[in-house]
Amino acid sequence: MKINNSVLDQLFLYAKNSYNEKEIPVSAAIFRSLDNELIAIAGNNRQKNKNVLGHAEVNCILKAEDKLGDWRLDGYYMVVTLEPCDMCSIIIKESRLDKVYYFLSSKQPSKLNISINKSVIDGYEKYKEKLNELLTVFFDNMRWKPFFLWYNKLREVFVWVIKFYIENTDLILLIVL
Ligand SMILES: [Zn+2]
């Protein structure tokens, strides 16, 4: 499974935008199986739209169906940053998508075990780390918000000190934002 850099960047951007909007940072894209042409891309917007269906996979399916003028998506496949949940798996199955490829496996066990044609994407370890960090920070912030706000600030300061060390500077300047 090969995905070009522009698609990787767009998927990350959509996940990051969801994160910035306080949504779970997940994004999905749909491609035509025949020639790998990108048809639609979307992120999570459940909170923003106050809509239980607002997961990236569902948003992406709706966008693709709107563009193609058909609810049947056989002949198309999905790439999603995180393994789909039960709700999305049902909708993916109903939409007849050929296959779903995902970067990260879900840590939440499936209750329904919907059988869809899906597989984890091999390789892309650095990219997976980036996606995983986004999700981890999101959930940590939700659980330990005051602590992590402080921790993130500390990390910023640490990064500045490291930068100065690399540049061989004797001066230590602490920037507290
Ligand atoms: Zn879902």
# chains A, B, ... in the order shown; residues from 1 in each chain; ligands from 1

$ closest_atom_pairs --of "chain A" --to "ligand 1" --cutoff "8 Å" --atoms "only C-alpha atoms and all ligand atoms" --output "tab-separated table"
residue	atom	partner	partner_atom_place_in_ligand_line	distance
A:Leu53	CA	ligand 1	1 (Zn)	7.9
A:His55	CA	ligand 1	1 (Zn)	5.0
A:Ala56	CA	ligand 1	1 (Zn)	7.0
A:Glu57	CA	ligand 1	1 (Zn)	6.4
A:Val58	CA	ligand 1	1 (Zn)	7.3
A:Pro84	CA	ligand 1	1 (Zn)	5.1
A:Cys85	CA	ligand 1	1 (Zn)	4.2
A:Asp86	CA	ligand 1	1 (Zn)	6.5
A:Met87	CA	ligand 1	1 (Zn)	5.5
A:Cys88	CA	ligand 1	1 (Zn)	4.3
A:Ser89	CA	ligand 1	1 (Zn)	7.2

$ write_last_selection --atoms "C-alpha atoms" --output "PDB file, in the first residue's frame"
ATOM      1  CA  LEU A  53     -22.569  10.741  12.869  1.00  0.00           C
ATOM      2  CA  HIS A  55     -16.825  10.809  12.411  1.00  0.00           C
ATOM      3  CA  ALA A  56     -14.215  11.310   9.674  1.00  0.00           C
ATOM      4  CA  GLU A  57     -15.192   8.096   7.843  1.00  0.00           C
ATOM      5  CA  VAL A  58     -18.897   9.040   7.669  1.00  0.00           C
ATOM      6  CA  PRO A  84     -12.878   2.509  12.223  1.00  0.00           C
ATOM      7  CA  CYS A  85     -15.268   2.185  15.155  1.00  0.00           C
ATOM      8  CA  ASP A  86     -18.374  -0.038  15.027  1.00  0.00           C
ATOM      9  CA  MET A  87     -20.662   2.758  13.827  1.00  0.00           C
ATOM     10  CA  CYS A  88     -18.351   3.665  10.931  1.00  0.00           C
ATOM     11  CA  SER A  89     -17.765  -0.010  10.081  1.00  0.00           C
TER      12      SER A  89
END

$ select_by_dssp --residues "segment 48-127 of chain A" --states "strand (DSSP E)" --output "PyMOL selection string"
chain A and resi 76-82+99-104+118-120

$ residues_around --residues "segment 63-79 of chain A" --least-positions-apart "2" --cutoff "7 Å" --atoms "only C-alpha atoms" --output "list of chain:residue names"
A:Ala28, A:Ala29, A:Ile30, A:Phe31, A:Arg32, A:Ser33, A:Ile39, A:Ala40, A:Asn59, A:Cys60, A:Ile61, A:Thr81, A:Ser95, A:Arg96, A:Leu97, A:Asp98, A:Lys99, A:Val100, A:Tyr101, A:Tyr102

$ closest_atom_pairs --of "segment 86-144 of chain A" --to "segment 1-6 of chain A" --cutoff "10 Å" --atoms "only C-alpha atoms" --output "tab-separated table"
residue	atom	partner	partner_atom	distance
A:Tyr101	CA	A:Met1	CA	8.4
A:Ser119	CA	A:Met1	CA	10.0
A:Val120	CA	A:Met1	CA	9.5
A:Ile121	CA	A:Met1	CA	6.5
A:Asp122	CA	A:Met1	CA	7.4
A:Gly123	CA	A:Met1	CA	9.2
A:Tyr124	CA	A:Lys2	CA	9.5

$ write_last_selection --atoms "N, CA and C atoms" --output "tab-separated table (two decimals), in the first residue's frame"
chain	number	residue	atom	x	y	z
A	101	TYR	N	-8.06	0.92	4.47
A	101	TYR	CA	-6.69	0.82	4.96
A	101	TYR	C	-6.55	1.82	6.11
A	119	SER	N	-7.42	-3.55	6.37
A	119	SER	CA	-6.09	-3.98	6.81
A	119	SER	C	-5.24	-2.79	7.23
A	120	VAL	N	-4.35	-3.06	8.16
A	120	VAL	CA	-3.46	-2.01	8.65
A	120	VAL	C	-2.38	-1.76	7.59
A	121	ILE	N	-1.98	-0.50	7.45
A	121	ILE	CA	-0.96	-0.13	6.46
A	121	ILE	C	0.42	-0.44	7.02
A	122	ASP	N	1.24	-1.17	6.27
A	122	ASP	CA	2.60	-1.50	6.71
A	122	ASP	C	3.51	-0.29	6.55
A	123	GLY	N	4.54	-0.22	7.37
A	123	GLY	CA	5.54	0.85	7.26
A	123	GLY	C	5.00	2.18	7.77
A	124	TYR	N	5.52	3.27	7.19
A	124	TYR	CA	5.12	4.63	7.57
A	124	TYR	C	5.23	4.85	9.10

$ closest_atom_pairs --of "segment 54-118 of chain A" --to "segment 131-143 of chain A" --cutoff "12 Å" --atoms "only C-alpha atoms" --output "JSON lines"
{"residue": "A:Val80", "atom": "CA", "partner": "A:Leu131", "partner_atom": "CA", "distance": 11.0}
{"residue": "A:Thr81", "atom": "CA", "partner": "A:Leu131", "partner_atom": "CA", "distance": 7.2}
{"residue": "A:Leu82", "atom": "CA", "partner": "A:Leu131", "partner_atom": "CA", "distance": 8.7}
{"residue": "A:Tyr102", "atom": "CA", "partner": "A:Leu131", "partner_atom": "CA", "distance": 11.3}
{"residue": "A:Phe103", "atom": "CA", "partner": "A:Leu131", "partner_atom": "CA", "distance": 8.4}
{"residue": "A:Leu104", "atom": "CA", "partner": "A:Asn132", "partner_atom": "CA", "distance": 7.4}
{"residue": "A:Ser105", "atom": "CA", "partner": "A:Asn132", "partner_atom": "CA", "distance": 10.0}
{"residue": "A:Ser106", "atom": "CA", "partner": "A:Asn132", "partner_atom": "CA", "distance": 10.7}
{"residue": "A:Lys107", "atom": "CA", "partner": "A:Asn132", "partner_atom": "CA", "distance": 11.4}

$ residues_around --residues "Asn45 of chain A" --least-positions-apart "6" --cutoff "7 Å" --atoms "only C-alpha atoms" --output "list in words"
Ser18, Glu23, Gly54 and His55 of chain A

$ write_last_selection --atoms "N, CA and C atoms" --output "mmCIF file, in the first residue's frame"
data_model
loop_
_atom_site.group_PDB
_atom_site.id
_atom_site.type_symbol
_atom_site.label_atom_id
_atom_site.label_comp_id
_atom_site.auth_asym_id
_atom_site.auth_seq_id
_atom_site.Cartn_x
_atom_site.Cartn_y
_atom_site.Cartn_z
ATOM 1 N N SER A 18 -9.011 18.909 13.209
ATOM 2 C CA SER A 18 -9.989 18.335 14.144
ATOM 3 C C SER A 18 -9.483 18.517 15.578
ATOM 4 N N GLU A 23 -11.839 18.165 18.572
ATOM 5 C CA GLU A 23 -12.424 16.906 18.109
ATOM 6 C C GLU A 23 -11.352 15.822 18.231
ATOM 7 N N GLY A 54 -20.842 12.472 13.067
ATOM 8 C CA GLY A 54 -19.729 13.275 12.537
ATOM 9 C C GLY A 54 -18.336 12.695 12.654
ATOM 10 N N HIS A 55 -18.169 11.398 12.465
ATOM 11 C CA HIS A 55 -16.825 10.809 12.411
ATOM 12 C C HIS A 55 -16.240 11.008 11.012
#

$ atom_distance --atom1 "atom CA of Asn44 of chain A" --atom2 "atom CA of Val26 of chain A"
6.0 Å

$ atom_distance --atom1 "atom CA of Gln10 of chain A" --atom2 "atom CA of Lys48 of chain A"
20.1 Å

$ select_by_dssp --residues "chain A" --states "alpha helix (DSSP H)" --output "ChimeraX atom specification"
/A:5-20,46-49,56-68,86-95,125-143,145-166

$ atom_distance --atom1 "atom CA of Ile114 of chain A" --atom2 "atom CA of Lys93 of chain A"
8.2 Å
